[in-house]
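Colleague: Provided below: input16.txt, containing compact mmCIF, C-alpha atoms.
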```
# COMPACT_ATOMS: atom_id res chain seq x y z
CA MET A 1 -32.29 232.97 -42.06
CA ALA A 2 -34.97 230.58 -41.01
CA PRO A 3 -34.37 226.89 -41.33
CA GLY A 4 -37.89 226.33 -40.11
CA GLY A 5 -39.12 224.80 -43.34
CA VAL A 6 -42.63 224.23 -44.54
CA GLN A 7 -44.30 225.43 -41.36
CA ALA A 8 -42.49 228.78 -41.55
CA ASN A 9 -43.37 229.09 -45.22
CA GLY A 10 -47.02 228.50 -44.38
CA ARG A 11 -47.06 231.20 -41.76
CA VAL A 12 -45.43 233.68 -44.12
CA SER A 13 -48.02 232.85 -46.78
CA ASP A 14 -50.74 233.51 -44.22
CA LEU A 15 -49.15 236.82 -43.28
CA TYR A 16 -48.86 237.71 -46.96
CA ARG A 17 -52.52 236.96 -47.44
CA LYS A 18 -53.52 238.99 -44.40
CA PHE A 19 -51.12 241.93 -44.40
CA GLY A 20 -50.06 241.97 -48.06
CA PRO A 21 -52.67 244.63 -48.95
CA ALA A 22 -51.44 247.00 -46.24
CA ILE A 23 -47.78 246.48 -47.13
CA TYR A 24 -48.47 246.85 -50.85
CA SER A 25 -50.26 250.10 -50.15
CA ARG A 26 -47.38 251.32 -48.06
CA CYS A 27 -44.79 250.41 -50.69
CA ARG A 28 -46.92 252.07 -53.36
CA ARG A 29 -47.06 255.31 -51.38
CA LEU A 30 -43.35 255.33 -50.72
CA LEU A 31 -42.07 254.18 -54.11
CA LYS A 32 -44.71 255.87 -56.28
CA ASP A 33 -44.70 253.01 -58.74
CA ASP A 34 -47.11 250.07 -58.91
CA ALA A 35 -44.61 247.59 -60.33
CA LEU A 36 -41.90 248.54 -57.86
CA ALA A 37 -44.43 248.32 -55.06
CA GLU A 38 -45.41 244.83 -56.15
CA ASP A 39 -41.79 243.68 -56.20
CA ALA A 40 -41.07 245.41 -52.91
CA THR A 41 -44.03 243.72 -51.23
CA GLN A 42 -42.68 240.33 -52.24
CA GLU A 43 -39.19 241.21 -51.04
CA VAL A 44 -40.56 242.37 -47.72
CA PHE A 45 -42.25 239.02 -47.13
CA VAL A 46 -39.11 237.12 -48.10
CA ARG A 47 -37.39 239.09 -45.34
CA VAL A 48 -40.26 238.31 -43.01
CA HIS A 49 -39.54 234.65 -43.71
CA ARG A 50 -35.87 235.07 -42.85
CA HIS A 51 -36.79 236.47 -39.48
CA ILE A 52 -40.02 234.61 -38.89
CA GLU A 53 -38.81 233.42 -35.50
CA SER A 54 -38.81 237.07 -34.41
CA ALA A 55 -42.31 237.75 -35.70
CA PRO A 56 -44.75 238.86 -33.03
CA ASP A 57 -48.23 237.48 -32.81
CA ASP A 58 -50.79 238.66 -35.31
CA ALA A 59 -51.91 241.71 -33.38
CA ALA A 60 -48.42 243.22 -33.41
CA ALA A 61 -47.21 241.63 -36.63
CA LEU A 62 -48.39 244.48 -38.83
CA ALA A 63 -46.22 247.04 -37.04
CA TRP A 64 -43.26 244.69 -37.29
CA ILE A 65 -43.77 244.19 -41.05
CA TYR A 66 -44.34 247.94 -41.43
CA ARG A 67 -40.85 248.48 -40.09
CA ILE A 68 -39.32 246.01 -42.53
CA SER A 69 -41.19 247.57 -45.45
CA THR A 70 -40.25 251.11 -44.43
CA ASN A 71 -36.59 250.27 -44.24
CA TYR A 72 -36.72 248.28 -47.45
CA CYS A 73 -38.41 251.08 -49.40
CA LEU A 74 -36.11 253.74 -48.00
CA ASN A 75 -33.14 251.69 -49.12
CA GLN A 76 -34.68 251.24 -52.55
CA ILE A 77 -35.20 254.98 -52.81
CA ARG A 78 -31.63 255.61 -51.74
CA ASP A 79 -30.13 252.97 -54.01
CA ARG A 80 -32.03 253.99 -57.10
CA GLY A 81 -31.75 257.67 -56.50
CA ARG A 82 -35.48 257.85 -56.70
CA GLN A 83 -37.56 260.57 -55.25
CA ALA A 84 -40.19 259.37 -52.84
CA GLU A 85 -42.40 262.05 -54.24
CA ALA A 86 -41.87 264.97 -56.57
CA THR A 87 -40.15 267.81 -54.80
CA ASP A 88 -40.62 270.40 -57.45
CA PRO A 89 -40.69 273.66 -55.50
CA ALA A 90 -43.87 274.56 -57.33
CA GLU A 91 -45.57 271.74 -55.52
CA LEU A 92 -44.48 272.95 -52.13
CA PRO A 93 -46.14 275.65 -50.08
CA GLU A 94 -44.89 279.14 -50.89
CA ALA A 95 -44.25 279.93 -47.27
CA PRO A 96 -42.89 277.93 -44.39
CA THR A 97 -45.44 275.98 -42.49
CA ASP A 98 -47.38 278.07 -40.06
CA HIS A 99 -47.16 275.35 -37.48
CA PRO A 100 -44.49 276.10 -34.90
CA GLU A 101 -44.80 272.61 -33.46
CA PRO A 102 -43.10 269.90 -35.47
CA GLY A 103 -45.89 267.54 -34.49
CA LEU A 104 -48.34 269.49 -36.59
CA MET A 105 -46.57 269.25 -39.92
CA ASP A 106 -48.94 268.05 -42.62
CA ARG A 107 -48.60 264.42 -43.69
CA ASP A 108 -48.53 265.15 -47.41
CA LEU A 109 -46.01 267.92 -46.97
CA ALA A 110 -43.83 265.59 -44.93
CA MET A 111 -43.96 262.99 -47.72
CA LYS A 112 -42.81 265.59 -50.21
CA LEU A 113 -39.89 266.57 -48.00
CA VAL A 114 -38.72 263.15 -46.93
CA SER A 115 -36.60 262.54 -50.00
CA ARG A 116 -34.77 265.81 -49.31
CA ALA A 117 -33.89 264.81 -45.80
CA PRO A 118 -30.70 263.06 -44.72
CA GLU A 119 -31.08 259.32 -44.58
CA LYS A 120 -30.94 259.12 -40.80
CA LEU A 121 -34.03 261.33 -40.53
CA ARG A 122 -36.23 259.63 -43.12
CA ALA A 123 -37.57 256.64 -41.23
CA THR A 124 -38.32 258.79 -38.19
CA ALA A 125 -40.15 261.37 -40.31
CA ILE A 126 -42.19 258.75 -42.16
CA LEU A 127 -43.23 256.88 -39.05
CA TYR A 128 -44.19 260.05 -37.20
CA TYR A 129 -45.67 262.29 -39.86
CA VAL A 130 -46.91 259.85 -42.48
CA ASP A 131 -47.87 256.88 -40.35
CA GLY A 132 -49.05 258.95 -37.43
CA LEU A 133 -47.20 257.00 -34.76
CA GLU A 134 -46.50 258.62 -31.41
CA GLN A 135 -42.92 259.53 -30.52
CA GLU A 136 -42.71 256.66 -28.07
CA GLN A 137 -43.93 254.21 -30.73
CA VAL A 138 -41.40 255.56 -33.24
CA ALA A 139 -38.66 255.10 -30.65
CA ARG A 140 -39.69 251.50 -30.02
CA THR A 141 -40.01 250.75 -33.71
CA LEU A 142 -36.56 252.06 -34.56
CA GLY A 143 -34.83 250.93 -31.38
CA ILE A 144 -33.77 254.46 -30.44
CA SER A 145 -34.56 256.70 -27.49
CA ARG A 146 -37.50 259.07 -27.45
CA ARG A 147 -35.03 261.94 -27.03
CA THR A 148 -33.37 260.90 -30.30
CA VAL A 149 -36.78 260.82 -31.99
CA ILE A 150 -37.51 264.36 -30.77
CA ASN A 151 -34.13 265.58 -31.94
CA ARG A 152 -34.54 264.01 -35.36
CA LEU A 153 -38.02 265.43 -35.80
CA GLN A 154 -36.77 268.89 -34.85
CA GLU A 155 -33.89 268.57 -37.29
CA PHE A 156 -36.25 267.38 -40.01
CA THR A 157 -38.58 270.30 -39.37
CA GLU A 158 -35.78 272.84 -39.35
CA ARG A 159 -34.26 271.50 -42.55
CA SER A 160 -37.65 271.43 -44.23
CA ARG A 161 -38.42 274.95 -43.14
CA LYS A 162 -35.12 276.21 -44.53
CA PHE A 163 -35.63 274.34 -47.78
CA ILE A 164 -39.10 275.73 -48.27
CA THR A 165 -37.96 279.24 -47.42
CA ARG A 166 -35.01 279.01 -49.78
CA GLU A 167 -37.13 277.70 -52.64
CA GLY A 168 -39.77 280.32 -51.92
CA ASP A 169 -37.18 283.11 -52.01
CA ALA A 170 -35.73 281.78 -55.27
CA ALA A 171 -39.11 281.64 -56.97
CA MET B 1 -56.36 258.27 -32.32
CA ASN B 2 -52.95 259.84 -31.84
CA THR B 3 -52.16 262.99 -29.90
CA ARG B 4 -52.40 265.02 -33.10
CA GLY B 5 -56.05 264.11 -33.43
CA HIS B 6 -55.81 261.58 -36.27
CA LEU B 7 -55.85 257.85 -36.78
CA SER B 8 -52.48 256.26 -37.46
CA SER B 9 -51.96 254.39 -40.73
CA GLU B 10 -51.71 251.21 -38.72
CA THR B 11 -55.10 251.79 -37.15
CA ILE B 12 -56.71 252.44 -40.52
CA ASP B 13 -55.03 249.39 -42.01
CA LEU B 14 -56.20 247.23 -39.12
CA LEU B 15 -59.70 248.61 -39.52
CA LEU B 16 -59.66 247.71 -43.21
CA LEU B 17 -58.39 244.25 -42.31
CA SER B 18 -61.14 243.87 -39.69
CA ALA B 19 -58.38 243.24 -37.17
CA LEU B 20 -59.44 245.78 -34.54
CA ASN B 21 -61.57 244.68 -31.63
CA ALA B 22 -65.15 245.90 -31.56
CA SER B 23 -64.49 248.86 -29.30
CA GLU B 24 -61.45 250.05 -31.25
CA ALA B 25 -63.29 249.60 -34.53
CA ASN B 26 -66.24 251.66 -33.29
CA ASP B 27 -63.94 254.44 -32.10
CA ALA B 28 -62.08 254.47 -35.40
CA LYS B 29 -65.31 254.57 -37.43
CA ALA B 30 -66.66 257.37 -35.27
CA HIS B 31 -63.51 259.37 -35.91
CA LEU B 32 -63.72 258.77 -39.66
CA ASP B 33 -67.22 260.24 -39.63
CA THR B 34 -65.86 263.53 -38.34
CA CYS B 35 -62.36 263.82 -39.87
CA GLU B 36 -62.00 264.49 -43.57
CA ALA B 37 -58.22 263.98 -43.55
CA CYS B 38 -58.51 260.50 -42.06
CA ARG B 39 -61.44 259.67 -44.33
CA THR B 40 -59.31 260.57 -47.35
CA ARG B 41 -56.53 258.40 -46.01
CA TRP B 42 -59.00 255.56 -45.45
CA ARG B 43 -60.20 255.84 -49.05
CA GLU B 44 -56.63 255.76 -50.38
CA LEU B 45 -55.73 252.70 -48.36
CA ASN B 46 -58.98 250.98 -49.26
CA GLU B 47 -58.34 251.53 -52.97
CA ASP B 48 -54.88 250.01 -52.59
CA LYS B 49 -56.35 247.08 -50.69
CA GLN B 50 -58.91 246.44 -53.43
CA GLN B 51 -56.23 246.64 -56.11
CA PHE B 52 -53.99 244.21 -54.27
CA GLU B 53 -56.75 241.71 -53.64
CA GLN B 54 -58.12 241.85 -57.18
CA PHE B 55 -55.02 242.14 -59.31
CA VAL B 56 -51.89 241.45 -57.31
CA PHE B 57 -52.38 238.74 -54.70
CA ALA B 58 -53.30 235.74 -56.84
CA ARG B 59 -50.57 236.53 -59.35
CA THR B 60 -47.80 237.08 -56.82
CA LEU B 61 -48.50 234.46 -54.14
CA PRO B 62 -46.89 231.64 -56.19
CA LYS B 63 -43.84 233.88 -56.72
CA VAL B 64 -43.56 234.55 -53.01
CA GLU B 65 -43.90 230.87 -52.16
CA ALA B 66 -41.28 229.96 -54.75
CA ARG B 67 -38.92 232.53 -53.24
CA LEU B 68 -39.49 231.09 -49.78
CA GLU B 69 -38.61 227.60 -50.99
CA LYS B 70 -35.50 228.94 -52.64
CA GLU B 71 -34.55 230.81 -49.49
CA ARG B 72 -34.99 227.68 -47.44
CA GLY B 73 -32.59 225.75 -49.64
CA GLY B 74 -30.28 228.74 -49.82
CA PHE B 75 -29.69 228.72 -46.11
CA PHE B 76 -28.18 225.28 -46.18
CA GLU B 77 -26.26 225.88 -49.37
CA ARG B 78 -24.78 229.07 -47.97
CA PHE B 79 -23.87 227.39 -44.75
CA ARG B 80 -22.39 224.46 -46.59
CA ALA B 81 -20.14 226.80 -48.53
CA LEU B 82 -18.91 228.36 -45.33
CA TRP B 83 -17.83 224.98 -44.02
CA LEU B 84 -15.24 224.82 -46.72
CA LEU B 85 -13.41 227.94 -45.66
CA PRO B 86 -11.85 226.89 -42.37
CA ALA B 87 -10.98 223.39 -43.52
CA VAL B 88 -7.88 224.68 -45.24
CA GLY B 89 -6.25 225.83 -42.08
CA VAL B 90 -7.32 223.29 -39.52
CA THR B 91 -4.73 222.93 -36.82
CA ALA B 92 -4.34 219.62 -35.11
CA ALA B 93 -4.97 220.71 -31.57
CA ALA B 94 -4.50 218.14 -28.86
CA VAL B 95 -8.19 217.96 -28.19
CA PHE B 96 -9.97 219.74 -31.04
CA GLY B 97 -9.16 220.62 -34.55
CA ILE B 98 -10.25 224.24 -34.52
CA VAL B 99 -10.02 227.29 -36.62
CA ALA B 100 -11.63 230.37 -35.22
CA LEU B 101 -11.24 233.67 -36.98
CA ASN B 102 -11.81 236.84 -35.04
CA GLY B 103 -14.07 239.10 -37.00
CA PRO B 104 -17.38 240.82 -37.13
CA GLY B 105 -19.21 237.82 -38.51
CA THR B 106 -21.72 237.94 -41.30
CA GLN B 107 -24.06 240.88 -41.43
CA THR B 108 -26.75 240.81 -44.03
CA GLU B 109 -28.57 243.83 -45.35
CA ASP B 110 -31.99 242.51 -44.46
CA ASP B 111 -30.91 242.18 -40.85
CA LEU B 112 -30.54 245.92 -40.95
CA TYR B 113 -33.98 246.26 -42.52
CA VAL B 114 -35.42 244.41 -39.61
CA GLY B 115 -33.32 246.59 -37.33
CA ILE B 116 -33.44 244.27 -34.38
CA LYS B 117 -32.07 245.56 -31.14
CA GLY B 118 -32.47 244.43 -27.60
CA GLY B 119 -34.27 241.21 -26.75
CA SER B 120 -32.59 238.24 -25.19
CA PRO B 121 -29.23 236.92 -26.30
CA SER B 122 -29.28 233.50 -27.85
CA LEU B 123 -26.99 230.77 -29.08
CA GLU B 124 -27.68 228.30 -31.85
CA ILE B 125 -25.39 225.46 -32.83
CA PHE B 126 -25.32 223.95 -36.29
CA ALA B 127 -23.51 220.76 -37.11
CA GLN B 128 -22.24 218.90 -40.11
CA HIS B 129 -21.66 215.16 -40.19
CA GLU B 130 -19.21 213.66 -42.68
CA GLY B 131 -19.53 216.54 -45.09
CA GLY B 132 -23.31 216.34 -45.31
CA ASP B 133 -25.85 219.12 -44.96
CA ALA B 134 -25.71 221.45 -42.01
CA PHE B 135 -28.38 220.80 -39.42
CA PRO B 136 -29.42 222.58 -36.23
CA VAL B 137 -28.36 220.87 -33.02
CA LYS B 138 -31.18 220.55 -30.53
CA PRO B 139 -30.52 221.05 -26.81
CA GLY B 140 -29.43 217.69 -25.46
CA GLY B 141 -29.04 216.38 -29.00
CA ALA B 142 -26.53 213.76 -30.06
CA LEU B 143 -23.37 214.37 -32.06
CA LYS B 144 -20.49 212.17 -33.05
CA PRO B 145 -16.72 212.56 -32.88
CA LYS B 146 -15.38 214.36 -35.97
CA ASP B 147 -18.66 216.21 -36.48
CA ARG B 148 -18.08 219.89 -37.08
CA ILE B 149 -20.06 222.55 -35.29
CA ARG B 150 -20.61 226.25 -35.88
CA PHE B 151 -22.22 228.94 -33.82
CA VAL B 152 -24.88 231.53 -34.58
CA VAL B 153 -25.61 234.07 -31.86
CA ASN B 154 -27.96 236.95 -31.20
CA PRO B 155 -25.86 239.43 -29.20
CA ALA B 156 -28.99 241.43 -28.28
CA GLY B 157 -26.94 244.54 -27.78
CA ALA B 158 -24.09 242.94 -25.82
CA LYS B 159 -20.64 244.35 -26.51
CA TYR B 160 -18.52 241.31 -25.72
CA LEU B 161 -18.81 237.60 -26.38
CA LEU B 162 -17.00 234.46 -25.35
CA ILE B 163 -18.04 230.90 -26.15
CA ALA B 164 -16.48 228.09 -24.17
CA SER B 165 -16.98 224.42 -23.51
CA LYS B 166 -16.52 221.87 -20.81
CA ASP B 167 -16.47 218.39 -22.33
CA GLY B 168 -17.29 214.96 -20.96
CA ALA B 169 -13.81 214.62 -19.48
CA GLY B 170 -13.99 218.01 -17.80
CA ALA B 171 -11.61 219.75 -20.22
CA PHE B 172 -12.24 223.48 -20.69
CA THR B 173 -11.78 225.10 -24.10
CA VAL B 174 -12.54 228.56 -25.38
CA TYR B 175 -14.20 228.16 -28.76
CA HIS B 176 -14.69 231.78 -29.65
CA PRO B 177 -12.41 233.56 -29.93
CA PHE B 178 -10.46 230.33 -30.00
CA GLY B 179 -7.92 230.00 -27.23
CA ALA B 180 -8.50 233.55 -26.01
CA THR B 181 -8.05 234.59 -22.42
CA GLU B 182 -11.02 236.94 -22.46
CA SER B 183 -14.12 237.75 -24.47
CA VAL B 184 -13.96 239.47 -27.84
CA LYS B 185 -15.44 242.88 -28.58
CA LEU B 186 -18.34 242.80 -31.01
CA GLY B 187 -19.16 245.44 -33.60
CA ASP B 188 -21.34 248.42 -32.91
CA GLN B 189 -24.12 247.53 -35.31
CA LEU B 190 -24.85 243.87 -35.39
CA PRO B 191 -27.54 241.77 -37.00
CA LYS B 192 -29.75 239.61 -34.90
CA LYS B 193 -28.18 236.52 -36.36
CA LEU B 194 -24.43 236.66 -36.20
CA GLU B 195 -22.78 233.68 -37.83
CA LEU B 196 -19.42 233.29 -36.16
CA PRO B 197 -16.59 232.41 -38.52
CA GLY B 198 -14.72 229.16 -38.21
CA SER B 199 -15.85 225.77 -37.01
CA VAL B 200 -14.96 223.22 -34.39
CA GLU B 201 -14.22 219.60 -35.16
CA LEU B 202 -15.25 217.47 -32.23
CA ASP B 203 -12.70 215.10 -30.77
CA ASP B 204 -13.20 211.57 -29.47
CA THR B 205 -14.07 212.48 -25.89
CA LEU B 206 -17.52 211.07 -25.23
CA GLY B 207 -20.23 212.19 -22.85
CA THR B 208 -22.07 215.39 -22.10
CA GLU B 209 -20.48 218.57 -23.42
CA HIS B 210 -21.60 221.89 -21.94
CA VAL B 211 -21.28 224.95 -24.13
CA VAL B 212 -21.77 228.48 -22.81
CA ALA B 213 -22.05 231.76 -24.63
CA VAL B 214 -21.19 234.66 -22.34
CA PHE B 215 -22.61 238.03 -23.43
CA SER B 216 -21.47 241.13 -21.56
CA ASP B 217 -20.86 244.85 -21.77
CA ALA B 218 -17.29 244.53 -20.47
CA PRO B 219 -14.63 241.87 -21.11
CA VAL B 220 -14.98 238.64 -19.17
CA THR B 221 -11.92 236.47 -18.58
CA ALA B 222 -11.76 232.85 -19.64
CA ASP B 223 -10.67 231.99 -16.11
CA ALA B 224 -13.90 233.41 -14.73
CA VAL B 225 -15.93 231.40 -17.23
CA LYS B 226 -14.00 228.24 -16.40
CA ALA B 227 -14.61 228.80 -12.68
CA ALA B 228 -18.32 229.28 -13.32
CA LEU B 229 -18.48 226.09 -15.40
CA ASP B 230 -16.55 224.16 -12.76
CA ALA B 231 -19.00 225.37 -10.10
CA ASP B 232 -22.11 224.49 -12.06
CA ALA B 233 -21.73 223.34 -15.65
CA ALA B 234 -25.48 223.19 -16.24
CA ALA B 235 -26.23 226.68 -14.95
CA PRO B 236 -23.02 228.72 -14.66
CA LYS B 237 -23.38 232.18 -13.16
CA LEU B 238 -21.22 235.19 -13.95
CA PRO B 239 -21.72 238.67 -12.54
CA ASN B 240 -22.59 241.40 -15.05
CA ALA B 241 -22.99 238.93 -17.88
CA ARG B 242 -25.81 237.10 -19.59
CA VAL B 243 -25.00 233.43 -20.00
CA VAL B 244 -26.70 231.15 -22.49
CA THR B 245 -26.07 227.47 -21.87
CA TRP B 246 -26.28 224.53 -24.19
CA GLU B 247 -25.40 220.91 -23.92
CA PHE B 248 -25.19 217.99 -26.29
CA GLN B 249 -24.26 214.36 -26.02
CA LYS B 250 -21.26 213.06 -27.84
CA ALA B 251 -21.60 209.38 -28.61
CA PRO B 252 -19.93 206.98 -31.07
```
Show me, as structure tokens, the structure contained in the file I just sent.
Modeller:
Amino acid sequence: MAPGGVQANGRVSDLYRKFGPAIYSRCRRLLKDDALAEDATQEVFVRVHRHIESAPDDAAALAWIYRISTNYCLNQIRDRGRQAEATDPAELPEAPTDHPEPGLMDRDLAMKLVSRAPEKLRATAILYYVDGLEQEQVARTLGISRRTVINRLQEFTERSRKFITREGDAA
Amino acid sequence: MNTRGHLSSETIDLLLLSALNASEANDAKAHLDTCEACRTRWRELNEDKQQFEQFVFARTLPKVEARLEKERGGFFERFRALWLLPAVGVTAAAVFGIVALNGPGTQTEDDLYVGIKGGSPSLEIFAQHEGGDAFPVKPGGALKPKDRIRFVVNPAGAKYLLIASKDGAGAFTVYHPFGATESVKLGDQLPKKLELPGSVELDDTLGTEHVVAVFSDAPVTADAVKAALDADAAAPKLPNARVVTWEFQKAP
């Protein structure tokens, strides 16, 4: 909701020009569809316009738009019942990850498991495992405490480990 | 480089956009030379960037700009529609014709996408003159009797809100929740922009009108707000509350 007018529109166009490639790439990775990614990128920048008065300066703007795009794509995935990435057990490792530390989970594996995770864990998992943010940065991005980030990552890891083990046993 | 020994997606994106400073860019490039995982990620993101710039940007920019224009008009149209709702039940109060509905306000889905929390509380006032378009009232701006005003707030995590006024004749009125004796509890998950329901029709009292929005984590009484306004209408102070002040001139 930005009654700012032409000036606000101009800034959003500039942001689209500058950060559009990064956001398009992000939407493409999350939605796994070029056309959906194109639409999602446009929708993200319409939302940027609505909240342009909250937009940080250029240096921090990308992280801010990242957050909008992550939430938008996760909602699209939820609403359309889409899978962020194929979760055919055959594509998953046959054994649980060898890494005891949740911080060491592989990025691609995390992407495969995100769509299996409860909604409340998805954004945290994507920001930490896929985007490579630190726990403190994830906390700031999502407006939650670092303790909550740690808890959600542990829950994500545990659920993923059980899923992989179960699918491995069933195979 | 993060604590897991890799570049974040943001760092790689900023590198591709040439938006890192020289030192950061050199560090990132040095890491790419030694890390196959990050190099693969860089290649993926670079391919997407090329695709966007070659095939997507020029085709979609006009669509985005058209959407922004539509959004801009939509704000006023949406607000205009909301004006119609309270008009049905306007009560002829001695001083103001007011309808104020207690409720959670309007929460839009994209507010949740943005996921704003914290920050500083804010108050915006929008006005309508003789049924025309809604327009934002600037601090110290001029309004006329019979103009209608509405409030948009950013609670910034506050749990309670009260909006009150002291008009040019010194009369104190609680605008939101209208006529209440203490502040109203807000919802648990609020958007940054909370459009409060109902509107206020200004009466004929002329002069400077001070409006305060009192944000707090516990209820604040109207009496306490009145006392604070009486003590200093331009900068009222209330313990354990964040007060946003606003004033406008009411002239014929």
Colleague: For Arg67 (chain B), which of A:Ala40, A:Val46, A:Val138, A:Ile52 is the closest residue, counting all atoms listed in the file?
Modeller: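 Checking each of A:Ala40, A:Val46, A:Val138, A:Ile52 against Arg67 (chain B), counting all atoms listed in the file, the winner is A:Val46.
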Colleague: Find the residues with any atom within 8 Å of (-53.7, 248.5, -52.2); use all atoms listed in the file and the coordinates as given in the file, and write the answer as a list in words.
Modeller: Pro21, Ala22, Tyr24, Ser25 and Arg28 of chain A; Leu45, Asn46, Glu47, Asp48, Lys49, Gln50, Gln51, Phe52 and Glu53 of chain B
Colleague: Between CA of Asn151 (chain A) and CA of Arg4 (chain B), what distance in Å does the model show, to one decimal?
Modeller: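 So the answer is 18.3 Å.
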Colleague: Could you jot down the CA of Leu7 (chain B) to CA of Cys38 (chain B) separation for me, Å, one decimal place?
Modeller: 6.5 Å
Colleague: For Ser216 (chain B), which residue among B:Lys237, B:His31, B:Lys159, B:His129 is the nearest when counting all atoms listed in the file?
Modeller: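 Looking only at the distances to Ser216 (chain B), the closest residue turns out to be B:Lys159.
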Colleague: To one decimal place, how far is CA of Ala55 (chain A) from CA of Ser120 (chain B) in Å?
Modeller: 14.3 Å
Colleague: Find the residues around region 143-149 of chain B up to 6 Å (only C-alpha atoms counted), leave out those fewer than 5 positions away in its own chain, and share them as a VMD selection string.
Modeller: chain B and resid 126 to 129 199 to 204 250 to 252
Colleague: Restricting the calculation to only C-alpha atoms: of B:Glu24, B:Glu65, B:Glu36, B:Glu124, which residue gets closest to chain A?
Modeller: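 Looking only at the distances to chain A, the closest residue turns out to be B:Glu65.
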Colleague: List the residues sitting within 10 Å of (-31.7, 218.4, -29.2) in the file's frame, using only C-alpha atoms, as an NGL selection string.
Modeller: :B and (136-143 or 246-249)
Colleague: Could you name the residues that touch Val244 (chain B) at 8 Å or less, counting only C-alpha atoms, but leaving out those on the same chain fewer than 6 positions away, as a list in words?
Modeller: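 The neighbour list is Pro121, Ser122, Leu123, Val212, Ala213 and Val214 of chain B.
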Colleague: Counting all atoms listed in the file, what is within 12 Å of Asp232 (chain B), bar same-chain residues fewer than 6 positions away, as a PyMOL selection string?
Modeller: chain B and resi 166+170+210+212+225-226+238+245
Colleague: Between B:Pro219, B:Gly157, B:Gly132, B:Pro239, which has the minimum distance to chain A (counting only C-alpha atoms)?
Modeller: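 Closest candidate: B:Gly157.
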Colleague: Just checking: using all atoms listed in the file, which residue out of A:Ala60, A:Ala123, A:Tyr128, A:Gly143 ends up closest to chain B?
Modeller: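 Of A:Ala60, A:Ala123, A:Tyr128, A:Gly143, the one nearest chain B, counting all atoms listed in the file, is A:Gly143.
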Colleague: Neighbours of Leu61 (chain B) within 12 Å (all atoms listed in the file; same-chain residues fewer than 2 positions away dropped), as a PyMOL selection string?
Modeller: (chain A and resi 9-10+12-18+20+38-39+41-43+45-46) or (chain B and resi 52-53+55-59+63-68)
Colleague: Write out as number ranges by chain each polymer residue whose atoms come within 12 Å of Glu134 (chain A), counting only C-alpha atoms; drop sequence neighbours fewer than 6 positions from it.
Modeller: A: 103, 124-128, 140-141, 146, 149-150, 153; B: 1-10
